[in-house]
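Below: one structure, written as structure tokens.
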Amino acid sequence: MTILSGVKLKLYPNKTQKQTIEQTFGNSRFVWNQFRNMQENRYEAMIDDYNSHKEQTKEHGDKIINPIYIGDYDMQKLLTELKKENSWLHFSDATVLQKTLSNLDQAYKNFFKKPDQFEKPKFKSRKHRSQSFTGRANKLKSGKTSVYVVSNHYIYVPKLGFIKTSKTTRINGQIKEYTIIRESFGNYYISFQIEEPDRELLVKTKQLMGGDLGLTHLLTLSNGLKFPKFSPGQTLAFSLKAQSKASKSMDRNSKILTTNELIYLIEKGIFDENKYDASDLFNFKNHEKRMKKSAKAQRKVANKRHDYLHKLTTKLVKTYDVIVLEDLKVKNMLKNHKLAKAIANASWATFIRFLRYKCEWYGKLFILVPPHYTSRVCHQCGWDSGKKPLDVRKWTCPHCHETHDRDINAAINILYRGLETYFQSQLIFLNEQAKNGYFSTVFFQVASQWLKQTISYFNQALEIVQ
């Protein structure tokens, strides 16, 4: 068994390599936009004929085939013809353009499957300050991949050659894909998807926890422990100040272009001097400096937040064998404009993502449960005391007269719900095995082992409550 992990390194490209990277950004955008435009044009031209064909097919009970959308395989064929028409596409790694089409195909499939959750693919703009492209690391006859580590500070990338990076000692495994990113403040990074052997499982602690995510405290455990939310301190204040200055600069110069955009207009001969004052032209570089300063400060806050979440999740995975959390719909919760900023700063989705993959890596059980009514139901007697405003942090159950901390009570209910979900899923699995006739010594050994494990989980949960 192998696992997929990611490693991100900083790049230090020379002048020629920067030009090649920027060229590849443009080529990847061009291929994406060309094929996206083709799909949209086909849809507009053929949608009426397709709808009539769909109705006729339904009447006859035949299988409906969509002739409008062109899949990944056919788009890859058309890419070869596009490269013949535009020879400058050969300056980029072929796998980058292939991966661009695969991503476009996946984006359309996601949109078709879940239109409420995924948006239709959009055109990519060169005006975005952050750019990226992804390529595959093909396996060569020599046994190496097309992207490989050369030394502690150098890697080889197709079309770029040997490029300087930060320490490569973190790369332990076979490189499957690579992504080169230019951040909005100008720095370049490379991210690897690596296939590596299974990690050594952590020692079992026979501890389990339910967790309630919140804004006052990031996480409250069923045993009463509370972990504070991330607090960036002065870094966030500096970031907000830099962002404010940059936005004011944009307000003062609403017609500002970046230096690259200005050069492009002049080279094409379509730059209109009457549109821009001399003061606007003078402020171009200053405005770019402010935007980079703002982006750098925001990145610093994001890095600190990720560092805090990584340390906390690693500590939890080492301490507990079973981790149960509530499955929050963060995207919907961000629509509440009064709490959106606090919810975004808490980074619940990132926290859950970190916990999930670390539990998979180290052999721990991770369960997500619906969050409904966890804070209003008494964990002692099960009485539903009704909805409460957010400022009520403690309440007394009118049925059993037990006083509860709102978050701890919710965490205990989440733990109970998680164990119940696990119990039901395992019963369904054993029932299916029995129906299929898998009555053997191994089957009964697995079943008895699972029952012992489940009973121990419930006993530990009862100990937490008591």
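By convention here, the chains of the structure tokens are called A, B, ... in the order presented, each chain's residues are numbered starting at 1, and ligands are numbered starting at 1 in the order presented.
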
Rows by chain and residue number, segment 180-241 of chain A within 12 Å of segment 146-159 of chain A, shortest pair, only C-alpha atoms, as a Markdown table:
```
| residue | atom | partner | partner_atom | distance |
| --- | --- | --- | --- | --- |
| A:Ile180 | CA | A:Val157 | CA | 10.2 |
| A:Ile190 | CA | A:Val157 | CA | 10.3 |
| A:Ser191 | CA | A:Val147 | CA | 11.9 |
| A:Phe192 | CA | A:Val147 | CA | 9.7 |
| A:Gln193 | CA | A:Val147 | CA | 11.4 |
| A:Ile194 | CA | A:Tyr148 | CA | 11.3 |
```

List every residue of segment 317-360 of chain A that has an atom at most 8 Å from any atom of segment 395-419 of chain A, giving for each one its closest atom pair and the distance in Å to one decimal, counting only C-alpha atoms, sorted by chain and then by ascending residue number, as CSV.
```
residue,atom,partner,partner_atom,distance
A:Val324,CA,A:Leu415,CA,5.8
A:Leu325,CA,A:Ile414,CA,6.6
A:Glu326,CA,A:Ile414,CA,6.7
```

Excluding Val330 of chain A and residues on its chain fewer than 6 positions from it, collect all residues at most 9 Å away from it, counting only C-alpha atoms, and give them as an mmCIF file with N, CA and C atoms, in the first residue's frame.
```
data_model
loop_
_atom_site.group_PDB
_atom_site.id
_atom_site.type_symbol
_atom_site.label_atom_id
_atom_site.label_comp_id
_atom_site.auth_asym_id
_atom_site.auth_seq_id
_atom_site.Cartn_x
_atom_site.Cartn_y
_atom_site.Cartn_z
ATOM 1 N N ILE A 343 -15.781 33.179 10.883
ATOM 2 C CA ILE A 343 -15.813 31.786 10.419
ATOM 3 C C ILE A 343 -14.636 31.516 9.483
ATOM 4 N N ALA A 344 -14.365 32.483 8.583
ATOM 5 C CA ALA A 344 -13.242 32.315 7.651
ATOM 6 C C ALA A 344 -11.913 32.255 8.401
ATOM 7 N N TRP A 348 -12.417 26.175 9.682
ATOM 8 C CA TRP A 348 -12.943 24.862 10.069
ATOM 9 C C TRP A 348 -12.712 23.809 8.990
ATOM 10 N N ALA A 349 -12.962 24.181 7.723
ATOM 11 C CA ALA A 349 -12.828 23.211 6.629
ATOM 12 C C ALA A 349 -11.387 22.702 6.515
#
```
